$ cat coords_37.pdb   # PDB, C-alpha atoms and all ligand atoms
MODEL        1
ATOM      1  CA  MET K   8     104.403 125.988 103.255  1.00  0.00           C
ATOM      2  CA  ILE K   9     104.738 124.735  99.677  1.00  0.00           C
ATOM      3  CA  LYS K  10     105.247 128.303  98.467  1.00  0.00           C
ATOM      4  CA  GLU K  11     107.999 128.944 100.985  1.00  0.00           C
ATOM      5  CA  ASN K  12     109.710 125.683 100.124  1.00  0.00           C
ATOM      6  CA  VAL K  13     109.705 126.421  96.398  1.00  0.00           C
ATOM      7  CA  SER K  14     110.932 129.998  96.910  1.00  0.00           C
ATOM      8  CA  GLN K  15     113.727 128.714  99.113  1.00  0.00           C
ATOM      9  CA  ILE K  16     114.902 126.195  96.503  1.00  0.00           C
ATOM     10  CA  ILE K  17     114.672 128.739  93.680  1.00  0.00           C
ATOM     11  CA  LYS K  18     116.818 131.100  95.743  1.00  0.00           C
ATOM     12  CA  GLU K  19     119.430 128.424  96.381  1.00  0.00           C
ATOM     13  CA  ILE K  20     120.029 126.979  92.950  1.00  0.00           C
ATOM     14  CA  PRO K  21     121.821 128.379  89.883  1.00  0.00           C
ATOM     15  CA  ILE K  22     119.558 129.876  87.213  1.00  0.00           C
ATOM     16  CA  ASN K  23     120.525 127.291  84.608  1.00  0.00           C
ATOM     17  CA  VAL K  24     119.022 124.518  86.765  1.00  0.00           C
ATOM     18  CA  GLU K  25     115.318 123.723  86.471  1.00  0.00           C
ATOM     19  CA  ILE K  26     113.255 122.355  89.341  1.00  0.00           C
ATOM     20  CA  GLU K  27     110.923 119.532  88.465  1.00  0.00           C
ATOM     21  CA  ALA K  28     108.254 119.001  91.128  1.00  0.00           C
ATOM     22  CA  ALA K  29     107.757 115.253  91.646  1.00  0.00           C
ATOM     23  CA  VAL K  30     104.026 115.144  92.352  1.00  0.00           C
ATOM     24  CA  LYS K  31     103.131 111.499  92.963  1.00  0.00           C
ATOM     25  CA  ASN K  32     100.180 111.184  95.351  1.00  0.00           C
ATOM     26  CA  ARG K  33      99.830 114.962  95.754  1.00  0.00           C
ATOM     27  CA  THR K  34      96.496 116.754  95.421  1.00  0.00           C
ATOM     28  CA  PRO K  35      95.701 119.149  92.559  1.00  0.00           C
ATOM     29  CA  GLU K  36      95.620 121.964  95.136  1.00  0.00           C
ATOM     30  CA  GLU K  37      99.158 121.188  96.273  1.00  0.00           C
ATOM     31  CA  ILE K  38     100.379 121.004  92.698  1.00  0.00           C
ATOM     32  CA  LEU K  39      98.750 124.324  91.803  1.00  0.00           C
ATOM     33  CA  GLU K  40     100.361 125.958  94.801  1.00  0.00           C
ATOM     34  CA  ALA K  41     103.780 124.790  93.629  1.00  0.00           C
ATOM     35  CA  ILE K  42     103.083 126.194  90.158  1.00  0.00           C
ATOM     36  CA  GLU K  43     102.016 129.520  91.609  1.00  0.00           C
ATOM     37  CA  ALA K  44     105.286 129.603  93.511  1.00  0.00           C
ATOM     38  CA  GLY K  45     107.227 129.267  90.258  1.00  0.00           C
ATOM     39  CA  ILE K  46     107.497 125.567  89.383  1.00  0.00           C
ATOM     40  CA  ARG K  47     107.593 125.139  85.601  1.00  0.00           C
ATOM     41  CA  ILE K  48     108.107 121.373  85.269  1.00  0.00           C
ATOM     42  CA  ILE K  49     105.833 118.744  86.808  1.00  0.00           C
ATOM     43  CA  GLY K  50     107.177 115.187  87.119  1.00  0.00           C
ATOM     44  CA  GLU K  51     104.517 112.467  87.009  1.00  0.00           C
ATOM     45  CA  ASN K  52     105.012 108.793  87.906  1.00  0.00           C
ATOM     46  CA  TYR K  53     101.573 107.627  86.831  1.00  0.00           C
ATOM     47  CA  VAL K  54      99.992 108.141  83.431  1.00  0.00           C
ATOM     48  CA  GLN K  55      96.574 107.751  85.012  1.00  0.00           C
ATOM     49  CA  GLU K  56      97.107 110.434  87.658  1.00  0.00           C
ATOM     50  CA  THR K  57      98.076 112.967  85.018  1.00  0.00           C
ATOM     51  CA  LYS K  58      94.557 113.250  83.608  1.00  0.00           C
ATOM     52  CA  SER K  59      93.327 115.299  86.553  1.00  0.00           C
ATOM     53  CA  ILE K  60      96.302 117.626  86.360  1.00  0.00           C
ATOM     54  CA  ILE K  61      96.498 118.451  82.671  1.00  0.00           C
ATOM     55  CA  LYS K  62      93.140 120.188  82.819  1.00  0.00           C
ATOM     56  CA  LEU K  63      94.372 122.493  85.563  1.00  0.00           C
ATOM     57  CA  VAL K  64      97.646 123.760  84.191  1.00  0.00           C
ATOM     58  CA  ASN K  65      98.470 126.189  81.431  1.00  0.00           C
ATOM     59  CA  ARG K  66     100.572 124.051  79.128  1.00  0.00           C
ATOM     60  CA  ASP K  67     102.257 127.082  77.580  1.00  0.00           C
ATOM     61  CA  GLU K  68     103.662 127.796  81.014  1.00  0.00           C
ATOM     62  CA  VAL K  69     104.151 124.409  82.630  1.00  0.00           C
ATOM     63  CA  ARG K  70     105.668 121.305  81.102  1.00  0.00           C
ATOM     64  CA  ILE K  71     104.757 117.824  82.297  1.00  0.00           C
ATOM     65  CA  HIS K  72     107.404 115.088  82.276  1.00  0.00           C
ATOM     66  CA  PHE K  73     106.921 111.383  82.832  1.00  0.00           C
ATOM     67  CA  ILE K  74     109.320 109.932  85.430  1.00  0.00           C
ATOM     68  CA  GLY K  75     107.729 106.564  86.222  1.00  0.00           C
ATOM     69  CA  HIS K  76     108.235 103.210  84.569  1.00  0.00           C
ATOM     70  CA  LEU K  77     106.295 103.165  81.326  1.00  0.00           C
ATOM     71  CA  GLN K  78     104.317 100.061  80.451  1.00  0.00           C
ATOM     72  CA  ARG K  79     103.439  99.191  76.911  1.00  0.00           C
ATOM     73  CA  ASN K  80      99.698  99.611  77.380  1.00  0.00           C
ATOM     74  CA  LYS K  81     100.240 103.196  78.596  1.00  0.00           C
ATOM     75  CA  VAL K  82     102.558 104.309  75.823  1.00  0.00           C
ATOM     76  CA  ASN K  83      99.889 105.853  73.555  1.00  0.00           C
ATOM     77  CA  LYS K  84      98.424 107.922  76.355  1.00  0.00           C
ATOM     78  CA  ALA K  85     101.866 108.953  77.603  1.00  0.00           C
ATOM     79  CA  VAL K  86     102.963 110.141  74.172  1.00  0.00           C
ATOM     80  CA  GLU K  87      99.775 112.133  73.872  1.00  0.00           C
ATOM     81  CA  VAL K  88      99.974 113.959  77.213  1.00  0.00           C
ATOM     82  CA  PHE K  89     103.627 114.398  78.187  1.00  0.00           C
ATOM     83  CA  ASP K  90     106.132 116.989  77.036  1.00  0.00           C
ATOM     84  CA  MET K  91     108.989 114.638  77.829  1.00  0.00           C
ATOM     85  CA  ILE K  92     109.449 111.002  78.841  1.00  0.00           C
ATOM     86  CA  GLU K  93     112.503 110.785  81.122  1.00  0.00           C
ATOM     87  CA  THR K  94     112.616 107.030  81.603  1.00  0.00           C
ATOM     88  CA  VAL K  95     113.405 105.431  78.248  1.00  0.00           C
ATOM     89  CA  ASP K  96     115.656 102.477  78.997  1.00  0.00           C
ATOM     90  CA  SER K  97     115.473 100.181  75.982  1.00  0.00           C
ATOM     91  CA  PHE K  98     115.243 100.264  72.212  1.00  0.00           C
ATOM     92  CA  LYS K  99     112.003  98.300  72.494  1.00  0.00           C
ATOM     93  CA  LEU K 100     110.304 100.938  74.651  1.00  0.00           C
ATOM     94  CA  ALA K 101     111.680 103.653  72.368  1.00  0.00           C
ATOM     95  CA  SER K 102     110.252 101.951  69.302  1.00  0.00           C
ATOM     96  CA  TRP K 103     106.779 101.747  70.903  1.00  0.00           C
ATOM     97  CA  ILE K 104     107.010 105.444  71.740  1.00  0.00           C
ATOM     98  CA  ASP K 105     108.167 106.196  68.217  1.00  0.00           C
ATOM     99  CA  GLY K 106     105.211 104.317  66.730  1.00  0.00           C
ATOM    100  CA  ALA K 107     102.690 106.086  68.959  1.00  0.00           C
ATOM    101  CA  ALA K 108     104.270 109.466  68.228  1.00  0.00           C
ATOM    102  CA  LYS K 109     104.172 108.823  64.483  1.00  0.00           C
ATOM    103  CA  ASP K 110     100.425 108.112  64.738  1.00  0.00           C
ATOM    104  CA  ILE K 111      99.750 111.577  66.128  1.00  0.00           C
ATOM    105  CA  ASN K 112     102.446 113.427  64.178  1.00  0.00           C
ATOM    106  CA  LYS K 113     104.481 114.246  67.229  1.00  0.00           C
ATOM    107  CA  ILE K 114     108.223 114.284  67.814  1.00  0.00           C
ATOM    108  CA  MET K 115     108.546 112.932  71.368  1.00  0.00           C
ATOM    109  CA  PRO K 116     111.401 114.358  73.454  1.00  0.00           C
ATOM    110  CA  VAL K 117     112.927 111.719  75.748  1.00  0.00           C
ATOM    111  CA  LEU K 118     115.738 111.223  78.217  1.00  0.00           C
ATOM    112  CA  ILE K 119     117.593 107.931  78.469  1.00  0.00           C
ATOM    113  CA  GLU K 120     117.436 106.495  81.997  1.00  0.00           C
ATOM    114  CA  ILE K 121     120.823 105.310  83.210  1.00  0.00           C
ATOM    115  CA  ASN K 122     121.317 102.597  85.834  1.00  0.00           C
ATOM    116  CA  ILE K 123     124.584 104.160  86.890  1.00  0.00           C
ATOM    117  CA  ALA K 124     125.252 101.806  89.819  1.00  0.00           C
ATOM    118  CA  ARG K 125     124.430  98.723  87.697  1.00  0.00           C
ATOM    119  CA  GLU K 126     121.850  97.566  90.244  1.00  0.00           C
ATOM    120  CA  ARG K 127     120.187  94.322  89.235  1.00  0.00           C
ATOM    121  CA  GLN K 128     116.713  95.258  90.413  1.00  0.00           C
ATOM    122  CA  LYS K 129     116.722  98.765  88.903  1.00  0.00           C
ATOM    123  CA  PHE K 130     115.473 100.026  85.573  1.00  0.00           C
ATOM    124  CA  GLY K 131     117.821 101.902  83.290  1.00  0.00           C
ATOM    125  CA  VAL K 132     120.546 101.277  80.743  1.00  0.00           C
ATOM    126  CA  ILE K 133     123.882 100.270  82.263  1.00  0.00           C
ATOM    127  CA  PRO K 134     126.733 102.662  81.450  1.00  0.00           C
ATOM    128  CA  GLU K 135     128.614 100.351  79.083  1.00  0.00           C
ATOM    129  CA  ASP K 136     125.505  99.799  76.931  1.00  0.00           C
ATOM    130  CA  THR K 137     124.474 103.442  76.743  1.00  0.00           C
ATOM    131  CA  GLU K 138     126.257 104.498  73.576  1.00  0.00           C
ATOM    132  CA  ALA K 139     124.957 101.525  71.586  1.00  0.00           C
ATOM    133  CA  VAL K 140     121.383 101.972  72.840  1.00  0.00           C
ATOM    134  CA  ILE K 141     121.445 105.686  72.028  1.00  0.00           C
ATOM    135  CA  ARG K 142     122.849 105.046  68.548  1.00  0.00           C
ATOM    136  CA  ASP K 143     119.991 102.604  67.913  1.00  0.00           C
ATOM    137  CA  ILE K 144     117.274 104.905  69.265  1.00  0.00           C
ATOM    138  CA  SER K 145     118.639 107.912  67.369  1.00  0.00           C
ATOM    139  CA  ILE K 146     117.498 106.275  64.131  1.00  0.00           C
ATOM    140  CA  LEU K 147     113.847 106.558  65.201  1.00  0.00           C
ATOM    141  CA  LYS K 148     112.324 109.551  63.462  1.00  0.00           C
ATOM    142  CA  ASN K 149     109.596 110.467  65.932  1.00  0.00           C
ATOM    143  CA  ILE K 150     111.835 110.442  68.995  1.00  0.00           C
ATOM    144  CA  ARG K 151     114.266 113.108  70.012  1.00  0.00           C
ATOM    145  CA  ILE K 152     116.877 112.205  72.624  1.00  0.00           C
ATOM    146  CA  MET K 153     117.374 115.267  74.826  1.00  0.00           C
ATOM    147  CA  GLY K 154     119.743 113.914  77.469  1.00  0.00           C
ATOM    148  CA  LEU K 155     120.106 111.515  80.381  1.00  0.00           C
ATOM    149  CA  MET K 156     118.288 110.817  83.649  1.00  0.00           C
ATOM    150  CA  THR K 157     119.410 108.789  86.633  1.00  0.00           C
ATOM    151  CA  MET K 158     117.988 107.826  90.013  1.00  0.00           C
ATOM    152  CA  GLY K 159     121.191 106.762  91.722  1.00  0.00           C
ATOM    153  CA  PRO K 160     121.408 103.960  94.277  1.00  0.00           C
ATOM    154  CA  LEU K 161     120.131 104.023  97.848  1.00  0.00           C
ATOM    155  CA  VAL K 162     122.958 105.096 100.125  1.00  0.00           C
ATOM    156  CA  SER K 163     123.105 105.775 103.851  1.00  0.00           C
ATOM    157  CA  ASP K 164     125.436 108.744 103.469  1.00  0.00           C
ATOM    158  CA  ILE K 165     124.197 111.081 100.738  1.00  0.00           C
ATOM    159  CA  GLU K 166     127.792 112.048  99.882  1.00  0.00           C
ATOM    160  CA  ASP K 167     128.211 108.496  98.577  1.00  0.00           C
ATOM    161  CA  LEU K 168     125.978 109.476  95.643  1.00  0.00           C
ATOM    162  CA  ARG K 169     128.521 111.976  94.361  1.00  0.00           C
ATOM    163  CA  PRO K 170     130.644 109.525  92.334  1.00  0.00           C
ATOM    164  CA  TYR K 171     127.510 108.129  90.670  1.00  0.00           C
ATOM    165  CA  PHE K 172     126.340 111.589  89.654  1.00  0.00           C
ATOM    166  CA  ARG K 173     129.850 112.424  88.476  1.00  0.00           C
ATOM    167  CA  ASN K 174     129.986 109.291  86.332  1.00  0.00           C
ATOM    168  CA  THR K 175     126.580 110.040  84.839  1.00  0.00           C
ATOM    169  CA  LYS K 176     127.848 113.499  83.878  1.00  0.00           C
ATOM    170  CA  LYS K 177     130.950 111.926  82.303  1.00  0.00           C
ATOM    171  CA  LEU K 178     128.740 109.621  80.286  1.00  0.00           C
ATOM    172  CA  PHE K 179     126.594 112.604  79.289  1.00  0.00           C
ATOM    173  CA  ILE K 180     129.653 114.465  77.971  1.00  0.00           C
ATOM    174  CA  LYS K 181     130.943 111.393  76.187  1.00  0.00           C
ATOM    175  CA  ILE K 182     127.642 110.963  74.317  1.00  0.00           C
ATOM    176  CA  LYS K 183     127.395 114.693  73.628  1.00  0.00           C
ATOM    177  CA  ASP K 184     130.879 114.696  72.093  1.00  0.00           C
ATOM    178  CA  LEU K 185     129.829 111.997  69.625  1.00  0.00           C
ATOM    179  CA  ASN K 186     127.602 114.624  67.956  1.00  0.00           C
ATOM    180  CA  LEU K 187     125.122 112.005  66.828  1.00  0.00           C
ATOM    181  CA  ASN K 188     122.348 112.903  64.455  1.00  0.00           C
ATOM    182  CA  ASN K 189     119.020 113.473  66.209  1.00  0.00           C
ATOM    183  CA  VAL K 190     120.661 113.424  69.658  1.00  0.00           C
ATOM    184  CA  PHE K 191     120.506 116.703  71.583  1.00  0.00           C
ATOM    185  CA  MET K 192     122.361 116.371  74.863  1.00  0.00           C
ATOM    186  CA  GLN K 193     120.739 119.272  76.622  1.00  0.00           C
ATOM    187  CA  TYR K 194     119.346 117.899  79.888  1.00  0.00           C
ATOM    188  CA  LEU K 195     120.873 115.950  82.739  1.00  0.00           C
ATOM    189  CA  SER K 196     118.126 115.027  85.205  1.00  0.00           C
ATOM    190  CA  MET K 197     119.477 113.830  88.556  1.00  0.00           C
ATOM    191  CA  GLY K 198     119.071 114.506  92.252  1.00  0.00           C
ATOM    192  CA  MET K 199     116.026 114.396  94.533  1.00  0.00           C
ATOM    193  CA  SER K 200     115.096 116.084  97.834  1.00  0.00           C
ATOM    194  CA  SER K 201     118.021 114.725  99.802  1.00  0.00           C
ATOM    195  CA  SER K 202     120.574 114.873  97.006  1.00  0.00           C
ATOM    196  CA  TYR K 203     119.790 117.765  94.674  1.00  0.00           C
ATOM    197  CA  LYS K 204     122.588 119.995  95.950  1.00  0.00           C
ATOM    198  CA  ILE K 205     125.204 117.344  95.294  1.00  0.00           C
ATOM    199  CA  ALA K 206     123.610 116.554  91.929  1.00  0.00           C
ATOM    200  CA  ILE K 207     123.834 120.218  90.882  1.00  0.00           C
ATOM    201  CA  GLU K 208     127.458 120.382  91.952  1.00  0.00           C
ATOM    202  CA  GLU K 209     128.062 117.366  89.725  1.00  0.00           C
ATOM    203  CA  GLY K 210     126.321 118.854  86.695  1.00  0.00           C
ATOM    204  CA  ALA K 211     122.561 118.233  86.899  1.00  0.00           C
ATOM    205  CA  ASN K 212     120.403 120.849  85.169  1.00  0.00           C
ATOM    206  CA  ILE K 213     117.061 119.273  86.107  1.00  0.00           C
ATOM    207  CA  VAL K 214     116.494 118.223  89.722  1.00  0.00           C
ATOM    208  CA  ARG K 215     113.392 116.207  90.632  1.00  0.00           C
ATOM    209  CA  ILE K 216     112.112 117.259  94.029  1.00  0.00           C
ATOM    210  CA  GLY K 217     109.079 115.865  95.866  1.00  0.00           C
ATOM    211  CA  SER K 218     109.102 115.745  99.662  1.00  0.00           C
ATOM    212  CA  TYR K 219     111.255 118.842 100.081  1.00  0.00           C
ATOM    213  CA  ILE K 220     108.521 120.825  98.312  1.00  0.00           C
ATOM    214  CA  PHE K 221     105.368 119.060  99.490  1.00  0.00           C
ATOM    215  CA  GLY K 222     106.386 117.495 102.806  1.00  0.00           C
ATOM    216  CA  ALA K 223     107.046 113.845 103.586  1.00  0.00           C
ATOM    217  CA  ARG K 224     104.906 111.376 101.718  1.00  0.00           C
ATOM    218  CA  GLN K 225     102.352 109.597 103.880  1.00  0.00           C
ATOM    219  CA  LYS K 226     103.222 106.112 104.984  1.00  0.00           C
ATOM    220  CA  GLY K 227     101.565 103.487 102.878  1.00  0.00           C
ATOM    221  CA  ASN K 228     101.673 105.513  99.697  1.00  0.00           C
ATOM    222  CA  LYS K 229     103.393 103.955  96.764  1.00  0.00           C
ATOM    223  CA  ILE K 230     106.740 105.531  96.078  1.00  0.00           C
ATOM    224  CA  ASP K 231     107.216 104.475  92.503  1.00  0.00           C
TER     225      ASP K 231
HETATM  226  C1  LIG U 301     109.409 110.607  93.876  1.00  0.00           C
HETATM  227  C2  LIG U 301     110.479 110.802  92.898  1.00  0.00           C
HETATM  228  C3  LIG U 301     111.391 111.850  93.032  1.00  0.00           C
HETATM  229  C4  LIG U 301     111.395 112.828  94.193  1.00  0.00           C
HETATM  230  O1  LIG U 301     111.663 112.157  95.397  1.00  0.00           O
HETATM  231  P1  LIG U 301     111.741 113.000  96.781  1.00  0.00           P
HETATM  232  O2  LIG U 301     112.684 112.210  97.606  1.00  0.00           O
HETATM  233  O3  LIG U 301     110.361 113.025  97.319  1.00  0.00           O
HETATM  234  O4  LIG U 301     112.273 114.326  96.447  1.00  0.00           O
HETATM  235  C5  LIG U 301     112.349 112.008  92.029  1.00  0.00           C
HETATM  236  N1  LIG U 301     112.410 111.185  90.977  1.00  0.00           N
HETATM  237  C6  LIG U 301     111.548 110.157  90.832  1.00  0.00           C
HETATM  238  C7  LIG U 301     111.681 109.276  89.637  1.00  0.00           C
HETATM  239  C8  LIG U 301     110.560 109.919  91.775  1.00  0.00           C
HETATM  240  O5  LIG U 301     109.719 108.906  91.610  1.00  0.00           O
ENDMDL
END

$ encode --input "coords_37.pdb" --output "structure tokens" --more "lines below"
Ligand SMILES: *Cc1c(COP(=O)(O)O)cnc(C)c1O
Amino acid sequence: MIKENVSQIIKEIPINVEIEAAVKNRTPEEILEAIEAGIRIIGENYVQETKSIIKLVNRDEVRIHFIGHLQRNKVNKAVEVFDMIETVDSFKLASWIDGAAKDINKIMPVLIEINIARERQKFGVIPEDTEAVIRDISILKNIRIMGLMTMGPLVSDIEDLRPYFRNTKKLFIKIKDLNLNNVFMQYLSMGMSSSYKIAIEEGANIVRIGSYIFGARQKGNKID
């Protein structure tokens, strides 16, 4: 099942787009099956959960990204285990990451999370603040900004996400064209199971897919 799902998605999408398997609440067996089917990026929401997975995967082959909300007391561990942190949404969080990375001599690749619909309850930098926040973070020596990530708002018709993805891409290009030092606008992470096709059409080159690979999450499980 998982194998077929992954093969299907790989067949459908352009080769420049990478599939990130969103693995929250999945078993190691399920995750390994996805890797065997060709998944090369794992997206983790929980720092804690990652411990059981890192032992299983060949890190030369599979990269592990953090896609949850990072709390201060988890920053050291996160910097140690992840290949990328996709959810940096403030200078403060970036400076904690920078400090932890300095301690272990690591340059930590990050994406800046954008709250593209300016939703009050959501994490992420609002569009009008993005350039200033990125300029500030770009000064930090042990962080490397690699692009942008967005979740997009909840919509009843998935087509309604298109303008938000399009605006995130516009913002991505705007920042890229600034050619800032230490800012490498290489990745645009947007789109999930229901929206990845639209996200790719609007310029995503990482799509984060959970239920479409692994099946619907069980009721009662946390979703973020
Ligand atoms: C769970 C999750 C996804 C994938 O969601 P699905 O709808 O299961 O594809 C993508 N991004 C983030 C940040 C998530 O937490």

$ atom_distance --input "coords_37.pdb" --atom1 "CA of Ala28 in chain K" --atom2 "CA of Ser200 in chain K"
10.0 Å

$ residues_around --input "coords_37.pdb" --residues "Gly131 in chain K" --least-positions-apart "3" --cutoff "6 Å" --atoms "all atoms listed in the file" --output "tab-separated table (two decimals) with C-alpha atoms, in the coordinates of the input"
chain	number	residue	atom	x	y	z
K	96	ASP	CA	115.66	102.48	79.00
K	120	GLU	CA	117.44	106.50	82.00
K	121	ILE	CA	120.82	105.31	83.21
K	122	ASN	CA	121.32	102.60	85.83

$ resolve_selection --input "coords_37.pdb" --expression "the PyMOL selection byres (((chain K and resi 169-174) around 7) and not hetatm)" --output "JSON, numbers by chain"
{"K": [123, 124, 159, 166, 167, 168, 175, 176, 177, 178, 205, 206, 209]}

$ closest_residue --input "coords_37.pdb" --among "K:Val13, K:Val54, K:Leu185, K:Ile74" --to "ligand LIG 301 (chain U)" --atoms "all atoms listed in the file"
K:Ile74

$ residues_near_ligand --input "coords_37.pdb" --ligand "ligand LIG 301 (chain U)" --cutoff "10 Å" --atoms "all atoms listed in the file" --output "PyMOL selection string"
chain K and resi 27-32+50-53+73-76+93-94+120+156-159+196-203+214-224+229-231

$ closest_residue --input "coords_37.pdb" --among "K:Ser97, K:Asn149, K:Asn112, K:Ser163" --to "Asp136 in chain K" --atoms "only C-alpha atoms"
K:Ser97

$ residues_around --input "coords_37.pdb" --residues "Glu68 in chain K" --least-positions-apart "4" --cutoff "12 Å" --atoms "only C-alpha atoms" --output "number ranges by chain"
K: 42-43, 45-49, 61, 63-64, 90

$ closest_residue --input "coords_37.pdb" --among "K:Met115, K:Ile182, K:Leu147, K:Ile165" --to "Glu135 in chain K" --atoms "only C-alpha atoms"
K:Ile182

$ resolve_selection --input "coords_37.pdb" --expression "the PyMOL selection byres (((chain K and resi 17-23) around 9) and not hetatm)" --output "PyMOL selection string"
chain K and resi 12-16+24-26+45-46+204+207+212-213

$ write_last_selection --input "coords_37.pdb" --atoms "C-alpha atoms" --output "short mmCIF file (atom, residue, chain, number, x, y, z; two decimals), in the frame of the given file"
data_model
loop_
_atom_site.label_atom_id
_atom_site.label_comp_id
_atom_site.auth_asym_id
_atom_site.auth_seq_id
_atom_site.Cartn_x
_atom_site.Cartn_y
_atom_site.Cartn_z
CA ASN K 12 109.71 125.68 100.12
CA VAL K 13 109.70 126.42 96.40
CA SER K 14 110.93 130.00 96.91
CA GLN K 15 113.73 128.71 99.11
CA ILE K 16 114.90 126.20 96.50
CA VAL K 24 119.02 124.52 86.76
CA GLU K 25 115.32 123.72 86.47
CA ILE K 26 113.26 122.36 89.34
CA GLY K 45 107.23 129.27 90.26
CA ILE K 46 107.50 125.57 89.38
CA LYS K 204 122.59 120.00 95.95
CA ILE K 207 123.83 120.22 90.88
CA ASN K 212 120.40 120.85 85.17
CA ILE K 213 117.06 119.27 86.11
#

$ residues_around --input "coords_37.pdb" --residues "Pro116 in chain K" --least-positions-apart "5" --cutoff "7 Å" --atoms "all atoms listed in the file" --output "list of chain:residue names"
K:Asp90, K:Met91, K:Ile92, K:Ile150, K:Arg151, K:Ile152, K:Met153

$ write_last_selection --input "coords_37.pdb" --atoms "C-alpha atoms" --output "short mmCIF file (atom, residue, chain, number, x, y, z; two decimals), in the coordinates of the input"
data_model
loop_
_atom_site.label_atom_id
_atom_site.label_comp_id
_atom_site.auth_asym_id
_atom_site.auth_seq_id
_atom_site.Cartn_x
_atom_site.Cartn_y
_atom_site.Cartn_z
CA ASP K 90 106.13 116.99 77.04
CA MET K 91 108.99 114.64 77.83
CA ILE K 92 109.45 111.00 78.84
CA ILE K 150 111.84 110.44 69.00
CA ARG K 151 114.27 113.11 70.01
CA ILE K 152 116.88 112.20 72.62
CA MET K 153 117.37 115.27 74.83
#

$ resolve_selection --input "coords_37.pdb" --expression "the PyMOL selection byres (((chain K and resi 193) around 8) and not hetatm)" --output "list in words"
Met153, Gly154, Phe191, Met192, Tyr194 and Leu195 of chain K

$ atom_distance --input "coords_37.pdb" --atom1 "CA of Lys84 in chain K" --atom2 "CA of Ala41 in chain K"
24.7 Å

$ atom_distance --input "coords_37.pdb" --atom1 "CA of Ala108 in chain K" --atom2 "CA of Val86 in chain K"
6.1 Å

$ closest_residue --input "coords_37.pdb" --among "K:Asn65, K:Ser59, K:Asn186, K:Asn83" --to "Ile111 in chain K" --atoms "all atoms listed in the file"
K:Asn83

$ closest_residue --input "coords_37.pdb" --among "K:Lys113, K:Asp184, K:Pro160, K:Glu36" --to "Gln128 in chain K" --atoms "only C-alpha atoms"
K:Pro160

$ closest_residue --input "coords_37.pdb" --among "K:Arg127, K:Arg79, K:Lys148, K:Arg33" --to "Ile60 in chain K" --atoms "only C-alpha atoms"
K:Arg33
